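This is structure-v4.csv. It holds CSV, N, CA and C atoms.
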```
chain,number,residue,atom,x,y,z
A,1,MET,N,0.8,-1.2,0.0
A,1,MET,CA,0.0,0.0,0.0
A,1,MET,C,0.9,1.3,0.0
A,2,LEU,N,1.9,1.3,0.8
A,2,LEU,CA,2.8,2.4,0.9
A,2,LEU,C,3.5,2.6,-0.5
A,3,GLU,N,3.9,1.6,-1.1
A,3,GLU,CA,4.5,1.7,-2.4
A,3,GLU,C,3.6,2.3,-3.4
A,4,PHE,N,2.3,1.9,-3.4
A,4,PHE,CA,1.3,2.4,-4.3
A,4,PHE,C,1.2,3.9,-4.1
A,5,ILE,N,1.1,4.4,-2.8
A,5,ILE,CA,0.9,5.8,-2.5
A,5,ILE,C,2.1,6.6,-3.0
A,6,GLU,N,3.3,6.0,-2.7
A,6,GLU,CA,4.5,6.7,-3.2
A,6,GLU,C,4.5,6.9,-4.7
A,7,HIS,N,4.2,5.8,-5.4
A,7,HIS,CA,4.2,5.8,-6.9
A,7,HIS,C,3.1,6.8,-7.4
A,8,PHE,N,1.9,6.8,-6.8
A,8,PHE,CA,0.8,7.7,-7.1
A,8,PHE,C,1.3,9.2,-7.0
A,9,VAL,N,1.9,9.5,-5.8
A,9,VAL,CA,2.3,10.9,-5.6
A,9,VAL,C,3.4,11.3,-6.6
A,10,ASP,N,4.4,10.4,-6.9
A,10,ASP,CA,5.4,10.7,-7.8
A,10,ASP,C,4.8,11.0,-9.2
A,11,GLU,N,3.8,10.2,-9.6
A,11,GLU,CA,3.2,10.3,-10.9
A,11,GLU,C,2.2,11.5,-11.1
A,12,HIS,N,1.4,11.7,-10.0
A,12,HIS,CA,0.3,12.7,-10.1
A,12,HIS,C,0.5,13.9,-9.3
A,13,ARG,N,1.6,14.0,-8.5
A,13,ARG,CA,1.9,15.1,-7.7
A,13,ARG,C,0.8,15.5,-6.7
A,14,ARG,N,0.0,14.5,-6.3
A,14,ARG,CA,-1.0,14.6,-5.3
A,14,ARG,C,-1.3,13.3,-4.7
A,15,SER,N,-1.9,13.2,-3.5
A,15,SER,CA,-2.1,12.0,-2.9
A,15,SER,C,-3.4,11.3,-3.5
A,16,PRO,N,-3.5,10.0,-3.4
A,16,PRO,CA,-4.6,9.3,-3.9
A,16,PRO,C,-5.8,9.4,-2.9
A,17,LEU,N,-7.0,9.1,-3.5
A,17,LEU,CA,-8.2,9.0,-2.6
A,17,LEU,C,-8.1,7.6,-1.9
A,18,ILE,N,-8.8,7.5,-0.8
A,18,ILE,CA,-8.8,6.3,-0.1
A,18,ILE,C,-9.5,5.2,-1.0
A,19,ARG,N,-10.5,5.6,-1.7
A,19,ARG,CA,-11.2,4.6,-2.6
A,19,ARG,C,-10.2,4.1,-3.7
A,20,GLU,N,-9.3,5.0,-4.2
A,20,GLU,CA,-8.3,4.6,-5.2
A,20,GLU,C,-7.3,3.6,-4.6
A,21,ILE,N,-6.9,3.9,-3.4
A,21,ILE,CA,-6.0,3.0,-2.7
A,21,ILE,C,-6.7,1.6,-2.5
A,22,GLN,N,-8.0,1.6,-2.1
A,22,GLN,CA,-8.7,0.4,-1.9
A,22,GLN,C,-8.8,-0.4,-3.2
A,23,LEU,N,-9.1,0.2,-4.3
A,23,LEU,CA,-9.3,-0.5,-5.5
A,23,LEU,C,-8.0,-1.0,-6.1
A,24,GLU,N,-6.9,-0.2,-6.1
A,24,GLU,CA,-5.7,-0.5,-6.7
A,24,GLU,C,-4.9,-1.6,-5.8
A,25,CYS,N,-5.1,-1.6,-4.5
A,25,CYS,CA,-4.4,-2.5,-3.7
A,25,CYS,C,-5.2,-3.8,-3.4
A,26,GLY,N,-6.4,-3.9,-4.0
A,26,GLY,CA,-7.3,-5.1,-3.8
A,26,GLY,C,-7.8,-5.3,-2.4
A,27,ILE,N,-8.1,-4.2,-1.7
A,27,ILE,CA,-8.6,-4.3,-0.4
A,27,ILE,C,-10.1,-4.4,-0.4
A,28,ALA,N,-10.6,-5.3,0.4
A,28,ALA,CA,-12.0,-5.7,0.3
A,28,ALA,C,-13.0,-4.5,0.6
A,29,SER,N,-12.7,-3.7,1.6
A,29,SER,CA,-13.6,-2.7,2.0
A,29,SER,C,-12.9,-1.4,2.3
A,30,TYR,N,-13.7,-0.3,2.2
A,30,TYR,CA,-13.2,1.0,2.5
A,30,TYR,C,-12.6,1.1,3.9
A,31,LYS,N,-13.3,0.5,4.9
A,31,LYS,CA,-12.9,0.5,6.3
A,31,LYS,C,-11.6,-0.2,6.5
A,32,SER,N,-11.3,-1.2,5.8
A,32,SER,CA,-10.0,-1.9,5.8
A,32,SER,C,-8.9,-1.0,5.3
A,33,ALA,N,-9.2,-0.3,4.2
A,33,ALA,CA,-8.2,0.6,3.7
A,33,ALA,C,-7.9,1.7,4.7
A,34,VAL,N,-8.9,2.2,5.4
A,34,VAL,CA,-8.7,3.3,6.4
A,34,VAL,C,-7.9,2.7,7.6
A,35,ASP,N,-8.2,1.5,8.0
A,35,ASP,CA,-7.4,0.8,9.1
A,35,ASP,C,-6.0,0.7,8.7
A,36,ARG,N,-5.7,0.3,7.5
A,36,ARG,CA,-4.3,0.2,7.1
A,36,ARG,C,-3.6,1.5,7.0
A,37,LEU,N,-4.3,2.6,6.5
A,37,LEU,CA,-3.7,3.9,6.5
A,37,LEU,C,-3.4,4.4,8.0
A,38,ASN,N,-4.3,4.1,8.9
A,38,ASN,CA,-4.1,4.4,10.3
A,38,ASN,C,-2.8,3.7,10.8
A,39,ALA,N,-2.6,2.5,10.4
A,39,ALA,CA,-1.4,1.8,10.9
A,39,ALA,C,-0.2,2.4,10.3
A,40,LEU,N,-0.2,2.8,9.0
A,40,LEU,CA,0.9,3.5,8.4
A,40,LEU,C,1.2,4.8,9.1
A,41,GLU,N,0.2,5.5,9.5
A,41,GLU,CA,0.3,6.8,10.2
A,41,GLU,C,1.0,6.5,11.6
A,42,ARG,N,0.5,5.5,12.3
A,42,ARG,CA,1.1,5.2,13.6
A,42,ARG,C,2.6,4.8,13.5
A,43,LYS,N,2.9,4.2,12.4
A,43,LYS,CA,4.4,3.8,12.2
A,43,LYS,C,5.2,5.0,11.7
A,44,GLY,N,4.6,6.1,11.4
A,44,GLY,CA,5.3,7.3,11.0
A,44,GLY,C,5.6,7.4,9.5
A,45,HIS,N,5.0,6.6,8.7
A,45,HIS,CA,5.3,6.7,7.2
A,45,HIS,C,4.4,7.8,6.6
A,46,ILE,N,3.3,8.0,7.1
A,46,ILE,CA,2.4,9.1,6.5
A,46,ILE,C,1.8,9.9,7.6
A,47,LYS,N,1.2,11.0,7.2
A,47,LYS,CA,0.5,11.9,8.0
A,47,LYS,C,-0.8,12.2,7.3
A,48,ARG,N,-2.0,12.1,8.0
A,48,ARG,CA,-3.3,12.3,7.3
A,48,ARG,C,-3.9,13.5,7.9
A,49,ALA,N,-4.4,14.3,7.0
A,49,ALA,CA,-5.2,15.5,7.3
A,49,ALA,C,-6.6,15.2,7.5
A,50,PRO,N,-7.2,15.4,8.7
A,50,PRO,CA,-8.6,15.1,8.9
A,50,PRO,C,-9.6,15.8,7.9
A,51,HIS,N,-10.6,15.1,7.5
A,51,HIS,CA,-11.6,15.7,6.6
A,51,HIS,C,-11.1,16.2,5.3
A,52,LYS,N,-10.1,15.7,4.8
A,52,LYS,CA,-9.5,16.0,3.4
A,52,LYS,C,-9.6,14.8,2.6
A,53,HIS,N,-10.1,15.0,1.3
A,53,HIS,CA,-10.2,13.8,0.4
A,53,HIS,C,-8.8,13.3,0.0
A,54,ARG,N,-7.9,14.2,-0.2
A,54,ARG,CA,-6.5,13.9,-0.6
A,54,ARG,C,-5.5,14.3,0.4
A,55,GLY,N,-5.8,13.9,1.7
A,55,GLY,CA,-5.1,14.4,2.8
A,55,GLY,C,-4.0,13.5,3.3
A,56,ILE,N,-3.3,12.8,2.4
A,56,ILE,CA,-2.2,11.9,2.8
A,56,ILE,C,-0.9,12.5,2.4
A,57,LYS,N,0.0,12.7,3.4
A,57,LYS,CA,1.3,13.3,3.2
A,57,LYS,C,2.3,12.2,3.5
A,58,LEU,N,3.3,12.0,2.6
A,58,LEU,CA,4.3,11.0,2.9
A,58,LEU,C,5.4,11.7,3.8
A,59,ILE,N,5.7,11.0,4.9
A,59,ILE,CA,6.7,11.4,5.9
A,59,ILE,C,8.0,10.7,5.6
A,60,ARG,N,8.0,9.4,5.7
A,60,ARG,CA,9.2,8.6,5.4
A,60,ARG,C,9.0,7.8,4.2
A,61,ARG,N,9.8,8.0,3.2
A,61,ARG,CA,9.6,7.2,1.9
A,61,ARG,C,10.5,5.9,2.0
A,62,ARG,N,9.9,4.8,1.5
A,62,ARG,CA,10.6,3.6,1.4
A,62,ARG,C,11.6,3.6,0.3
A,63,ARG,N,11.4,4.4,-0.7
A,63,ARG,CA,12.2,4.5,-1.9
A,63,ARG,C,12.3,5.9,-2.3
A,64,SER,N,13.4,6.3,-3.0
A,64,SER,CA,13.6,7.7,-3.4
A,64,SER,C,12.7,7.9,-4.6
A,65,PRO,N,12.2,9.1,-4.9
A,65,PRO,CA,11.4,9.4,-6.1
A,65,PRO,C,12.2,9.1,-7.3
A,66,GLU,N,11.5,8.7,-8.3
A,66,GLU,CA,12.2,8.4,-9.6
A,66,GLU,C,12.6,9.7,-10.2
A,67,VAL,N,13.9,9.8,-10.7
A,67,VAL,CA,14.4,10.9,-11.4
A,67,VAL,C,14.6,10.6,-12.8
A,68,VAL,N,14.0,11.4,-13.7
A,68,VAL,CA,14.2,11.2,-15.1
A,68,VAL,C,15.3,12.1,-15.6
A,69,LEU,N,16.4,11.4,-16.1
A,69,LEU,CA,17.5,12.2,-16.6
A,69,LEU,C,17.5,12.3,-18.1
A,70,ALA,N,17.8,13.4,-18.6
A,70,ALA,CA,17.9,13.6,-20.0
A,70,ALA,C,19.1,12.8,-20.6
A,71,ARG,N,18.9,12.2,-21.7
A,71,ARG,CA,20.0,11.5,-22.4
A,71,ARG,C,21.0,12.4,-23.0
A,72,PRO,N,22.2,12.1,-22.9
A,72,PRO,CA,23.2,12.9,-23.5
A,72,PRO,C,23.1,12.7,-25.0
A,73,PRO,N,23.4,13.7,-25.8
A,73,PRO,CA,23.3,13.6,-27.3
A,73,PRO,C,24.3,12.5,-27.8
A,74,PHE,N,24.0,11.9,-28.8
A,74,PHE,CA,24.9,10.9,-29.4
A,74,PHE,C,26.0,11.6,-30.1
A,75,GLU,N,27.2,10.9,-30.0
A,75,GLU,CA,28.4,11.5,-30.6
A,75,GLU,C,28.6,10.7,-31.9
A,76,SER,N,29.0,11.4,-32.9
A,76,SER,CA,29.2,10.8,-34.2
A,76,SER,C,30.5,9.9,-34.1
A,77,ALA,N,30.5,8.8,-34.9
A,77,ALA,CA,31.6,7.9,-34.9
A,77,ALA,C,32.8,8.6,-35.6
A,78,GLY,N,34.0,8.3,-35.3
A,78,GLY,CA,35.1,8.9,-36.0
A,78,GLY,C,36.2,9.4,-35.0
A,79,GLU,N,36.7,10.5,-35.2
A,79,GLU,CA,37.8,11.0,-34.4
A,79,GLU,C,37.3,11.4,-33.0
A,80,PRO,N,38.2,11.2,-32.0
A,80,PRO,CA,37.8,11.7,-30.7
A,80,PRO,C,37.6,13.2,-30.6
A,81,LEU,N,36.7,13.6,-29.7
A,81,LEU,CA,36.4,15.0,-29.7
A,81,LEU,C,37.4,15.9,-28.9
A,82,ALA,N,38.3,15.3,-28.2
A,82,ALA,CA,39.3,16.0,-27.4
A,82,ALA,C,40.2,16.7,-28.3
```

What is this structure when it is put down as structure tokens?
Amino acid sequence: MLEFIEHFVDEHRRSPLIREIQLECGIASYKSAVDRLNALERKGHIKRAPHKHRGIKLIRRRRSPEVVLARPPFESAGEPLA
């Protein structure tokens, strides 16, 4: 679940809805998703803002955000550039 939240935030620059977490993680009920989010908050991985639809803030990330680096331009074959 935490990995899904991290990926969602990286991709969309906002937190997912609890319903989105429930569906994407295959959790049977909304209440079960809320219980798991509460556990993640107790463990210090997330902070939840009460009464907010997208109120999940990542505190401790399990992985670093993906960084997309630009490719260096191709060099033509032949003589060295030095």

* To do: Could you please determine the separation between CA of Gly55 (chain A) and CA of Ser15 (chain A) in Å, to one decimal place?
  => 6.9 Å

* **Within 6.5 Å of Arg60 (chain A) using only N, CA and C atoms, minus same-chain residues under 5 positions, as a ChimeraX atom specification** => /A:44-46

Selection from above, N, CA and C atoms, as a compact mmCIF listing (two decimals), in the frame of the given file, can you write it?
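The result, stored in part_37.txt:
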```txt
# COMPACT_ATOMS: atom_id res chain seq x y z
N GLY A 44 4.60 6.10 11.40
CA GLY A 44 5.30 7.30 11.00
C GLY A 44 5.60 7.40 9.50
N HIS A 45 5.00 6.60 8.70
CA HIS A 45 5.30 6.70 7.20
C HIS A 45 4.40 7.80 6.60
N ILE A 46 3.30 8.00 7.10
CA ILE A 46 2.40 9.10 6.50
C ILE A 46 1.80 9.90 7.60
```

* To do: Record the distance separating atom C of Arg36 (chain A) and CA of Val9 (chain A), expressed in Å with one decimal.
  =>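 Spanning atom C of Arg36 (chain A) to CA of Val9 (chain A) is a straight-line distance of 16.8 Å.
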
* Structure fact -> Between A:Ile27, A:His7, A:Pro16, A:Arg61, smallest distance to Arg48 (chain A) by only C-alpha atoms belongs to A:Pro16

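Considering the residues A:Gly26, A:Phe8, A:His53, A:Ile59 and counting only C-alpha atoms, Leu40 (chain A) has its shortest atom-to-atom contact with A:Ile59.
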
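Note that CA of Leu58 (chain A) and CA of Asp10 (chain A) are 10.8 Å apart.
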
* Exercise: Ile18 (chain A) partners within 7 Å, only N, CA and C atoms, chain neighbours under 3 positions left out, as JSON, numbers by chain -> {"A": [21, 22, 23, 30, 33, 34, 53, 54]}

Just the selected residues (N, CA and C atoms), exported as a PDB file, in the frame of the given file, please.
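Below is the file again-v6.pdb, written as the result:
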```pdb
ATOM      1  N   ILE A  21      -6.900   3.900  -3.400  1.00  0.00           N
ATOM      2  CA  ILE A  21      -6.000   3.000  -2.700  1.00  0.00           C
ATOM      3  C   ILE A  21      -6.700   1.600  -2.500  1.00  0.00           C
ATOM      4  N   GLN A  22      -8.000   1.600  -2.100  1.00  0.00           N
ATOM      5  CA  GLN A  22      -8.700   0.400  -1.900  1.00  0.00           C
ATOM      6  C   GLN A  22      -8.800  -0.400  -3.200  1.00  0.00           C
ATOM      7  N   LEU A  23      -9.100   0.200  -4.300  1.00  0.00           N
ATOM      8  CA  LEU A  23      -9.300  -0.500  -5.500  1.00  0.00           C
ATOM      9  C   LEU A  23      -8.000  -1.000  -6.100  1.00  0.00           C
ATOM     10  N   TYR A  30     -13.700  -0.300   2.200  1.00  0.00           N
ATOM     11  CA  TYR A  30     -13.200   1.000   2.500  1.00  0.00           C
ATOM     12  C   TYR A  30     -12.600   1.100   3.900  1.00  0.00           C
ATOM     13  N   ALA A  33      -9.200  -0.300   4.200  1.00  0.00           N
ATOM     14  CA  ALA A  33      -8.200   0.600   3.700  1.00  0.00           C
ATOM     15  C   ALA A  33      -7.900   1.700   4.700  1.00  0.00           C
ATOM     16  N   VAL A  34      -8.900   2.200   5.400  1.00  0.00           N
ATOM     17  CA  VAL A  34      -8.700   3.300   6.400  1.00  0.00           C
ATOM     18  C   VAL A  34      -7.900   2.700   7.600  1.00  0.00           C
ATOM     19  N   HIS A  53     -10.100  15.000   1.300  1.00  0.00           N
ATOM     20  CA  HIS A  53     -10.200  13.800   0.400  1.00  0.00           C
ATOM     21  C   HIS A  53      -8.800  13.300   0.000  1.00  0.00           C
ATOM     22  N   ARG A  54      -7.900  14.200  -0.200  1.00  0.00           N
ATOM     23  CA  ARG A  54      -6.500  13.900  -0.600  1.00  0.00           C
ATOM     24  C   ARG A  54      -5.500  14.300   0.400  1.00  0.00           C
TER      25      ARG A  54
END
```

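Proximity ranking of A:Phe4, A:Ala39, A:Leu17, A:Glu11 relative to Ile56 (chain A) places A:Leu17 first, based on only C-alpha atoms.
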
Serialized region 17-40 of chain A w/ N, CA and C atoms as a short mmCIF file (atom, residue, chain, number, x, y, z; two decimals), in the first residue's frame:
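The new file result_23.cif reads:
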```cif
data_model
loop_
_atom_site.label_atom_id
_atom_site.label_comp_id
_atom_site.auth_asym_id
_atom_site.auth_seq_id
_atom_site.Cartn_x
_atom_site.Cartn_y
_atom_site.Cartn_z
N LEU A 17 -7.00 9.15 -3.47
CA LEU A 17 -8.19 9.00 -2.63
C LEU A 17 -8.13 7.65 -1.93
N ILE A 18 -8.79 7.54 -0.80
CA ILE A 18 -8.83 6.26 -0.08
C ILE A 18 -9.48 5.20 -0.97
N ARG A 19 -10.51 5.57 -1.71
CA ARG A 19 -11.16 4.63 -2.62
C ARG A 19 -10.19 4.14 -3.70
N GLU A 20 -9.34 5.03 -4.22
CA GLU A 20 -8.34 4.63 -5.21
C GLU A 20 -7.35 3.64 -4.60
N ILE A 21 -6.94 3.89 -3.37
CA ILE A 21 -6.04 2.98 -2.67
C ILE A 21 -6.72 1.62 -2.51
N GLN A 22 -7.95 1.63 -2.08
CA GLN A 22 -8.70 0.39 -1.88
C GLN A 22 -8.76 -0.43 -3.16
N LEU A 23 -9.13 0.20 -4.26
CA LEU A 23 -9.29 -0.52 -5.52
C LEU A 23 -7.95 -1.01 -6.07
N GLU A 24 -6.94 -0.15 -6.07
CA GLU A 24 -5.65 -0.52 -6.65
C GLU A 24 -4.90 -1.56 -5.83
N CYS A 25 -5.12 -1.57 -4.53
CA CYS A 25 -4.42 -2.53 -3.66
C CYS A 25 -5.24 -3.80 -3.42
N GLY A 26 -6.44 -3.87 -3.99
CA GLY A 26 -7.26 -5.07 -3.85
C GLY A 26 -7.78 -5.29 -2.43
N ILE A 27 -8.05 -4.21 -1.72
CA ILE A 27 -8.56 -4.29 -0.35
C ILE A 27 -10.07 -4.42 -0.42
N ALA A 28 -10.61 -5.32 0.39
CA ALA A 28 -12.03 -5.67 0.30
C ALA A 28 -12.98 -4.52 0.64
N SER A 29 -12.66 -3.72 1.64
CA SER A 29 -13.61 -2.68 2.04
C SER A 29 -12.89 -1.35 2.29
N TYR A 30 -13.67 -0.30 2.25
CA TYR A 30 -13.17 1.05 2.51
C TYR A 30 -12.61 1.12 3.93
N LYS A 31 -13.32 0.53 4.89
CA LYS A 31 -12.89 0.54 6.30
C LYS A 31 -11.55 -0.16 6.47
N SER A 32 -11.33 -1.24 5.75
CA SER A 32 -10.03 -1.94 5.83
C SER A 32 -8.91 -1.04 5.30
N ALA A 33 -9.18 -0.29 4.25
CA ALA A 33 -8.18 0.63 3.71
C ALA A 33 -7.87 1.72 4.74
N VAL A 34 -8.89 2.25 5.39
CA VAL A 34 -8.71 3.27 6.43
C VAL A 34 -7.89 2.70 7.59
N ASP A 35 -8.18 1.48 8.00
CA ASP A 35 -7.43 0.84 9.09
C ASP A 35 -5.96 0.71 8.73
N ARG A 36 -5.68 0.33 7.49
CA ARG A 36 -4.28 0.18 7.06
C ARG A 36 -3.58 1.54 6.98
N LEU A 37 -4.30 2.57 6.54
CA LEU A 37 -3.73 3.91 6.54
C LEU A 37 -3.43 4.38 7.96
N ASN A 38 -4.32 4.08 8.89
CA ASN A 38 -4.09 4.43 10.29
C ASN A 38 -2.83 3.74 10.83
N ALA A 39 -2.62 2.49 10.43
CA ALA A 39 -1.42 1.77 10.85
C ALA A 39 -0.16 2.42 10.28
N LEU A 40 -0.21 2.82 9.01
CA LEU A 40 0.94 3.50 8.40
C LEU A 40 1.22 4.84 9.10
#
```
